[in-house]
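As provided, structure_28.pdb (PDB, C-alpha atoms) reads as follows.
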ATOM      1  CA  MET A   1     -35.547 -76.831 -67.891
ATOM      2  CA  LYS A   2     -32.655 -79.257 -68.260
ATOM      3  CA  ARG A   3     -29.141 -77.918 -68.576
ATOM      4  CA  ARG A   4     -28.627 -79.253 -72.129
ATOM      5  CA  THR A   5     -31.933 -77.737 -73.306
ATOM      6  CA  PHE A   6     -30.992 -74.375 -71.727
ATOM      7  CA  PHE A   7     -27.664 -74.174 -73.548
ATOM      8  CA  GLU A   8     -29.226 -75.233 -76.854
ATOM      9  CA  LYS A   9     -31.853 -72.474 -76.558
ATOM     10  CA  ALA A  10     -29.124 -69.995 -75.660
ATOM     11  CA  GLY A  11     -27.311 -70.947 -78.865
ATOM     12  CA  LEU A  12     -24.405 -72.633 -77.107
ATOM     13  CA  GLY A  13     -23.525 -76.010 -78.524
ATOM     14  CA  SER A  14     -21.223 -78.583 -77.019
ATOM     15  CA  ALA A  15     -18.222 -77.020 -78.777
ATOM     16  CA  ALA A  16     -18.786 -73.748 -76.897
ATOM     17  CA  LEU A  17     -19.091 -75.570 -73.599
ATOM     18  CA  LEU A  18     -15.826 -77.395 -74.202
ATOM     19  CA  SER A  19     -14.032 -74.084 -74.845
ATOM     20  CA  LEU A  20     -14.981 -72.553 -71.449
ATOM     21  CA  PRO A  21     -11.887 -73.937 -69.649
ATOM     22  CA  VAL A  22      -9.673 -72.461 -72.389
ATOM     23  CA  LEU A  23     -11.385 -69.079 -71.976
ATOM     24  CA  ALA A  24     -10.818 -69.193 -68.216
ATOM     25  CA  ASP A  25      -7.096 -69.790 -68.774
ATOM     26  CA  ARG A  26      -6.923 -66.797 -71.113
ATOM     27  CA  LEU A  27      -8.660 -64.547 -68.594
ATOM     28  CA  GLU A  28      -6.071 -65.426 -65.944
ATOM     29  CA  ALA A  29      -3.120 -64.838 -68.285
ATOM     30  CA  PRO A  30      -3.153 -60.984 -68.178
ATOM     31  CA  ALA A  31      -2.890 -61.068 -64.385
ATOM     32  CA  LEU A  32       0.373 -62.999 -64.688
ATOM     33  CA  ALA A  33       1.609 -60.771 -67.483
ATOM     34  CA  HIS A  34       1.167 -57.663 -65.312
ATOM     35  CA  GLY A  35       3.763 -58.598 -62.728
ATOM     36  CA  LYS A  36       1.688 -60.644 -60.285
ATOM     37  CA  SER A  37       4.676 -62.902 -59.676
ATOM     38  CA  ASP A  38       8.156 -62.065 -58.411
ATOM     39  CA  GLN A  39       9.586 -63.470 -61.623
ATOM     40  CA  GLY A  40       7.451 -61.076 -63.674
ATOM     41  CA  GLU A  41       8.704 -58.098 -61.621
ATOM     42  CA  GLN A  42      12.327 -59.141 -62.168
ATOM     43  CA  GLU A  43      11.842 -59.690 -65.892
ATOM     44  CA  HIS A  44      10.413 -56.195 -66.390
ATOM     45  CA  GLY A  45      13.013 -54.563 -64.142
ATOM     46  CA  HIS A  46      10.336 -52.650 -62.187
ATOM     47  CA  ASP A  47       9.686 -52.270 -58.515
ATOM     48  CA  HIS A  48       6.311 -50.578 -58.272
ATOM     49  CA  GLY A  49       6.616 -50.218 -54.494
ATOM     50  CA  ASN A  50       3.222 -51.791 -53.814
ATOM     51  CA  GLU A  51       3.526 -51.774 -50.028
ATOM     52  CA  GLY A  52      -0.203 -51.120 -49.671
ATOM     53  CA  GLU A  53      -1.278 -53.682 -52.281
ATOM     54  CA  GLY A  54      -4.262 -55.620 -51.051
ATOM     55  CA  LEU A  55      -5.398 -52.988 -48.546
ATOM     56  CA  ARG A  56      -9.149 -52.582 -48.567
ATOM     57  CA  GLY A  57     -12.022 -51.475 -46.414
ATOM     58  CA  ASP A  58     -11.841 -48.972 -43.581
ATOM     59  CA  HIS A  59      -8.661 -46.915 -43.355
ATOM     60  CA  ALA A  60      -7.170 -48.111 -46.631
ATOM     61  CA  SER A  61      -7.474 -44.553 -47.941
ATOM     62  CA  ALA A  62      -8.452 -41.105 -46.691
ATOM     63  CA  THR A  63      -9.056 -37.689 -48.246
ATOM     64  CA  ILE A  64      -8.020 -34.278 -46.920
ATOM     65  CA  THR A  65      -9.113 -31.094 -48.674
ATOM     66  CA  PHE A  66      -6.965 -27.978 -48.803
ATOM     67  CA  GLY A  67      -9.241 -24.993 -49.394
ATOM     68  CA  GLN A  68     -12.777 -24.923 -50.706
ATOM     69  CA  TRP A  69     -14.399 -22.454 -53.100
ATOM     70  CA  ARG A  70     -17.169 -20.459 -51.447
ATOM     71  CA  THR A  71     -20.589 -20.480 -53.108
ATOM     72  CA  ASP A  72     -22.357 -17.861 -50.978
ATOM     73  CA  PRO A  73     -22.800 -15.576 -52.819
ATOM     74  CA  PRO A  74     -22.608 -17.621 -56.041
ATOM     75  CA  PHE A  75     -19.151 -17.818 -57.582
ATOM     76  CA  ASP A  76     -18.530 -18.178 -61.319
ATOM     77  CA  ARG A  77     -15.082 -19.728 -61.710
ATOM     78  CA  PHE A  78     -15.566 -20.006 -65.466
ATOM     79  CA  ALA A  79     -14.759 -16.325 -65.695
ATOM     80  CA  THR A  80     -12.577 -15.927 -62.580
ATOM     81  CA  PRO A  81     -10.790 -19.225 -61.868
ATOM     82  CA  THR A  82      -8.445 -18.152 -59.036
ATOM     83  CA  ASP A  83     -10.058 -15.420 -56.951
ATOM     84  CA  ARG A  84      -8.176 -16.009 -53.678
ATOM     85  CA  THR A  85     -10.655 -13.867 -51.752
ATOM     86  CA  ARG A  86     -13.333 -16.507 -52.460
ATOM     87  CA  ASN A  87     -11.323 -19.439 -51.092
ATOM     88  CA  ASN A  88     -12.125 -20.917 -47.694
ATOM     89  CA  HIS A  89      -8.640 -21.465 -46.261
ATOM     90  CA  ALA A  90      -9.427 -24.606 -44.260
ATOM     91  CA  LEU A  91      -7.891 -28.085 -44.077
ATOM     92  CA  LEU A  92     -10.701 -30.638 -43.678
ATOM     93  CA  PRO A  93     -11.077 -32.987 -41.910
ATOM     94  CA  SER A  94      -8.540 -32.128 -39.227
ATOM     95  CA  GLU A  95      -7.960 -35.760 -38.256
ATOM     96  CA  VAL A  96      -7.875 -38.930 -40.393
ATOM     97  CA  LYS A  97      -6.722 -42.494 -39.837
ATOM     98  CA  ILE A  98      -5.218 -44.951 -42.337
ATOM     99  CA  LYS A  99      -3.474 -48.303 -42.272
ATOM    100  CA  ALA A 100       0.282 -48.398 -42.892
ATOM    101  CA  GLY A 101       0.764 -48.453 -46.660
ATOM    102  CA  GLY A 102      -2.598 -46.798 -47.286
ATOM    103  CA  SER A 103      -3.130 -43.637 -49.297
ATOM    104  CA  ILE A 104      -3.867 -40.040 -48.434
ATOM    105  CA  ASN A 105      -5.452 -37.978 -51.203
ATOM    106  CA  PHE A 106      -4.912 -34.242 -50.936
ATOM    107  CA  VAL A 107      -7.671 -32.491 -52.880
ATOM    108  CA  ILE A 108      -6.336 -28.970 -53.358
ATOM    109  CA  SER A 109      -8.511 -26.026 -54.372
ATOM    110  CA  GLY A 110      -6.583 -22.808 -54.760
ATOM    111  CA  PHE A 111      -3.149 -21.568 -53.720
ATOM    112  CA  HIS A 112      -2.105 -24.175 -51.145
ATOM    113  CA  ASN A 113       0.969 -26.309 -50.450
ATOM    114  CA  PRO A 114       0.571 -29.609 -48.538
ATOM    115  CA  GLN A 115       3.438 -30.496 -46.232
ATOM    116  CA  VAL A 116       3.618 -33.599 -43.999
ATOM    117  CA  PHE A 117       5.826 -34.067 -40.914
ATOM    118  CA  LEU A 118       6.352 -37.092 -38.665
ATOM    119  CA  ASN A 119       5.901 -36.669 -34.894
ATOM    120  CA  ARG A 120       5.571 -32.874 -34.906
ATOM    121  CA  VAL A 121       2.956 -30.375 -33.751
ATOM    122  CA  PRO A 122       2.218 -26.925 -35.235
ATOM    123  CA  SER A 123       4.381 -25.049 -32.700
ATOM    124  CA  ASP A 124       7.399 -27.163 -33.766
ATOM    125  CA  ILE A 125       7.372 -25.693 -37.278
ATOM    126  CA  ASP A 126       9.987 -22.977 -37.852
ATOM    127  CA  ARG A 127       7.893 -20.177 -39.352
ATOM    128  CA  THR A 128      10.981 -18.021 -39.890
ATOM    129  CA  ASN A 129      12.427 -20.557 -42.359
ATOM    130  CA  ILE A 130      10.914 -19.359 -45.636
ATOM    131  CA  VAL A 131      11.564 -20.285 -49.295
ATOM    132  CA  PRO A 132      13.739 -17.386 -50.528
ATOM    133  CA  GLY A 133      11.815 -14.875 -52.615
ATOM    134  CA  SER A 134       8.433 -16.556 -52.139
ATOM    135  CA  ALA A 135       5.405 -14.284 -52.010
ATOM    136  CA  PRO A 136       3.212 -15.108 -50.234
ATOM    137  CA  PRO A 137       5.884 -16.726 -48.049
ATOM    138  CA  LEU A 138       6.168 -20.529 -48.232
ATOM    139  CA  ILE A 139       7.420 -22.511 -45.235
ATOM    140  CA  ASN A 140      10.786 -24.198 -45.841
ATOM    141  CA  ASP A 141      11.280 -26.182 -42.600
ATOM    142  CA  ALA A 142      12.611 -29.646 -43.554
ATOM    143  CA  GLY A 143      12.911 -30.982 -40.001
ATOM    144  CA  GLY A 144      10.866 -34.187 -39.800
ATOM    145  CA  ARG A 145       9.250 -33.447 -43.148
ATOM    146  CA  VAL A 146       8.381 -36.544 -45.193
ATOM    147  CA  PHE A 147       6.512 -34.829 -48.024
ATOM    148  CA  ARG A 148       6.175 -31.391 -49.584
ATOM    149  CA  GLY A 149       3.768 -30.880 -52.478
ATOM    150  CA  LEU A 150       4.115 -28.821 -55.618
ATOM    151  CA  ASP A 151       5.096 -25.165 -55.446
ATOM    152  CA  PRO A 152       1.766 -23.395 -56.153
ATOM    153  CA  ARG A 153       3.612 -20.448 -57.697
ATOM    154  CA  THR A 154       4.693 -22.627 -60.628
ATOM    155  CA  LEU A 155       1.228 -23.890 -61.597
ATOM    156  CA  GLY A 156      -0.010 -20.921 -63.614
ATOM    157  CA  GLY A 157      -3.528 -19.557 -63.382
ATOM    158  CA  VAL A 158      -5.233 -22.622 -61.881
ATOM    159  CA  GLN A 159      -3.766 -24.410 -58.876
ATOM    160  CA  ASP A 160      -6.578 -26.972 -58.359
ATOM    161  CA  ARG A 161      -5.228 -30.514 -58.342
ATOM    162  CA  VAL A 162      -4.941 -33.809 -56.450
ATOM    163  CA  GLU A 163      -1.707 -35.042 -54.889
ATOM    164  CA  ALA A 164      -1.756 -38.562 -53.423
ATOM    165  CA  ILE A 165       0.828 -40.032 -51.059
ATOM    166  CA  THR A 166       1.342 -43.260 -49.149
ATOM    167  CA  LEU A 167       2.624 -43.508 -45.593
ATOM    168  CA  THR A 168       4.213 -46.842 -44.691
ATOM    169  CA  ALA A 169       5.622 -46.097 -41.222
ATOM    170  CA  PRO A 170       3.117 -46.149 -38.347
ATOM    171  CA  GLY A 171       2.911 -42.951 -36.319
ATOM    172  CA  ARG A 172       1.227 -39.575 -36.036
ATOM    173  CA  TYR A 173       1.844 -37.147 -38.868
ATOM    174  CA  LEU A 174       1.242 -33.404 -38.916
ATOM    175  CA  VAL A 175      -0.221 -31.986 -42.138
ATOM    176  CA  ILE A 176      -0.052 -28.254 -42.829
ATOM    177  CA  CYS A 177      -0.565 -25.788 -45.616
ATOM    178  CA  GLY A 178       2.920 -24.469 -46.316
ATOM    179  CA  VAL A 179       1.586 -21.041 -47.304
ATOM    180  CA  LEU A 180       2.584 -19.196 -44.128
ATOM    181  CA  PRO A 181      -0.457 -16.879 -43.761
ATOM    182  CA  HIS A 182      -2.730 -19.921 -44.251
ATOM    183  CA  PHE A 183      -0.900 -21.930 -41.584
ATOM    184  CA  PHE A 184      -0.527 -19.161 -39.008
ATOM    185  CA  ASP A 185      -2.863 -16.168 -38.639
ATOM    186  CA  ASP A 186      -0.831 -13.212 -37.348
ATOM    187  CA  ALA A 187      -3.987 -11.270 -36.494
ATOM    188  CA  THR A 188      -5.254 -13.890 -34.032
ATOM    189  CA  GLY A 189      -1.960 -15.608 -33.161
ATOM    190  CA  GLN A 190      -3.595 -18.956 -34.023
ATOM    191  CA  PHE A 191      -2.498 -21.917 -36.123
ATOM    192  CA  VAL A 192      -5.136 -22.439 -38.812
ATOM    193  CA  MET A 193      -4.593 -24.836 -41.728
ATOM    194  CA  PHE A 194      -3.285 -27.995 -40.069
ATOM    195  CA  GLY A 195      -4.436 -31.488 -39.165
ATOM    196  CA  PHE A 196      -3.173 -34.953 -38.284
ATOM    197  CA  ILE A 197      -2.890 -38.359 -39.947
ATOM    198  CA  GLU A 198      -2.788 -41.383 -37.667
ATOM    199  CA  VAL A 199      -1.087 -44.327 -39.400
ATOM    200  CA  GLU A 200      -1.976 -47.658 -37.814
ATOM    201  CA  ASP A 201       0.495 -50.528 -37.633
TER     202      ASP A 201
END

Kindly present the structure from the file in structure tokens form.
Amino acid sequence: MKRRTFFEKAGLGSAALLSLPVLADRLEAPALAHGKSDQGEQEHGHDHGNEGEGLRGDHASATITFGQWRTDPPFDRFATPTDRTRNNHALLPSEVKIKAGGSINFVISGFHNPQVFLNRVPSDIDRTNIVPGSAPPLINDAGGRVFRGLDPRTLGGVQDRVEAITLTAPGRYLVICGVLPHFFDDATGQFVMFGFIEVED
């Protein structure tokens, strides 16, 4: 079938064909209007901090889960949304890798507090430094800390949420749950809810 015959059968006359370049220009216009140029950023007065813009593929993003709801035996959260005895206090996976400027998504189920430290290991954390009046105790060590998530005491009946961060400086970061009995088990003397993020240059 010839090209002209195809467009006639499709109901597109020559006027429609002539308007295609105009349509293409209009499709590109929103990209410019949304700050794709330096001039656009300056005109709007915004700096969106897009250090990771353009990252894609492996290690552009990673997910770490804080706590998981147990389903054996079956658990009906519709009726009992925050039964702490049914939460698996684990940070998974314990090791992830991202590119500098990539994102880490903390998927949080239950009463947990993500905290991130640069170039530290679990034994470096001062477990005696506690947020005053917090029960259960929340770790308050700011040494080397680059991020501390929301205070789970302030979130009401349901603490489930996602907190996403970006790490732009290459290095090895320690991630912990800032709820002290989740991070360190007094009964076994073991560090429990912690892991590492490797940020590639």

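Near A:Gly178, within 7 Å and counting only C-alpha atoms, sit His112, Asn113, Pro114, Gln115, Leu138, Ile139 and Phe183 of chain A; same-chain residues fewer than 5 positions away were not included.
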
TODO: List, as JSON, numbers by chain, every residue that the PyMOL selection byres ((chain A and resi 82) around 8) selects in the file provided.
DONE: {"A": [77, 80, 81, 83, 84, 110, 157, 158, 159]}

TODO: Quick one: apply the PyMOL selection byres ((chain A and resi 120-131) around 6) to the file and drop the selected residues here as a VMD selection string.
DONE: chain A and resid 118 to 119 132 134 138 to 141 174

- [ ] Would you kindly translate the PyMOL selection byres ((chain A and resi 167) around 7) into the concrete residues it picks from this file, as a PyMOL selection string?
- [x] chain A and resi 100-103+165-166+168-169

Task: Between atom CA of A:Leu92 and atom CA of A:Arg70 - distance in Å to one decimal - done: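 Between these atoms lies a distance of 14.3 Å.
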
Take the point (0.1, -19.6, -40.8) as written in the file and pick out every residue within 8 Å of it, counting all atoms listed in the file; give the list as a PDB file with C-alpha atoms, in the frame of the given file.
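Listed below is the output, result07.pdb:
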ATOM      1  CA  ARG A 127       7.893 -20.177 -39.352  1.00  0.00           C
ATOM      2  CA  CYS A 177      -0.565 -25.788 -45.616  1.00  0.00           C
ATOM      3  CA  GLY A 178       2.920 -24.469 -46.316  1.00  0.00           C
ATOM      4  CA  VAL A 179       1.586 -21.041 -47.304  1.00  0.00           C
ATOM      5  CA  LEU A 180       2.584 -19.196 -44.128  1.00  0.00           C
ATOM      6  CA  PRO A 181      -0.457 -16.879 -43.761  1.00  0.00           C
ATOM      7  CA  HIS A 182      -2.730 -19.921 -44.251  1.00  0.00           C
ATOM      8  CA  PHE A 183      -0.900 -21.930 -41.584  1.00  0.00           C
ATOM      9  CA  PHE A 184      -0.527 -19.161 -39.008  1.00  0.00           C
ATOM     10  CA  ASP A 185      -2.863 -16.168 -38.639  1.00  0.00           C
ATOM     11  CA  ASP A 186      -0.831 -13.212 -37.348  1.00  0.00           C
ATOM     12  CA  GLN A 190      -3.595 -18.956 -34.023  1.00  0.00           C
ATOM     13  CA  PHE A 191      -2.498 -21.917 -36.123  1.00  0.00           C
ATOM     14  CA  VAL A 192      -5.136 -22.439 -38.812  1.00  0.00           C
ATOM     15  CA  MET A 193      -4.593 -24.836 -41.728  1.00  0.00           C
TER      16      MET A 193
END

- [ ] Provide the atom CA of A:Gly149 to atom CA of A:Arg172 distance in Å, to one decimal place.
- [x]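 Value for the atom CA of A:Gly149-atom CA of A:Arg172 distance: 18.8 Å.
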
- [ ] Please measure the separation of atom CA of A:Gly189 and atom CA of A:Phe106, giving the value in Å to one decimal.
- [x]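 Between atom CA of A:Gly189 and atom CA of A:Phe106 the gap is 25.9 Å.
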
Using all atoms of stretch 54-58 of chain A listed in the file and a margin of 3 Å per side, can you give the axis-aligned box centre and edge lengths in Å to one decimal, as JSON?
{"center_x": -8.1, "center_y": -52.3, "center_z": -47.3, "size_x": 13.8, "size_y": 12.6, "size_z": 13.5}

Task: Option closest in space to A:Asp72, from A:Arg86, A:Ile197, A:Ala187, A:Leu55 [counting only C-alpha atoms] - done: A:Arg86

Task: Which residue of A:Gly57, A:Glu95, A:Asn88, A:Phe117 approaches A:Glu198 most closely, using all atoms listed in the file - done: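 Of all the options, A:Glu95 lies closest to A:Glu198.
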
TODO: Go through A:Val199, A:Ile64, A:Val116, A:Val175 one by one, measure the shortest atom-to-atom distance of each to A:Gly144 using all atoms listed in the file, and give the residue with the smallest value.
DONE: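 Selected residue with least distance to A:Gly144: A:Val116.
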
Open item on the list: Counting all atoms listed in the file, which residue out of A:Thr154, A:Thr188, A:Asn50, A:Thr65 sits closest to A:Val107?
Closed with: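 Distance minimum relative to A:Val107 lands on A:Thr65.
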
Task: Sphere at (-6.3, -43.0, -42.5), radius 7 Å, counting only C-alpha atoms: residues as a PyMOL selection string - done: chain A and resi 59-62+96-99+197-199
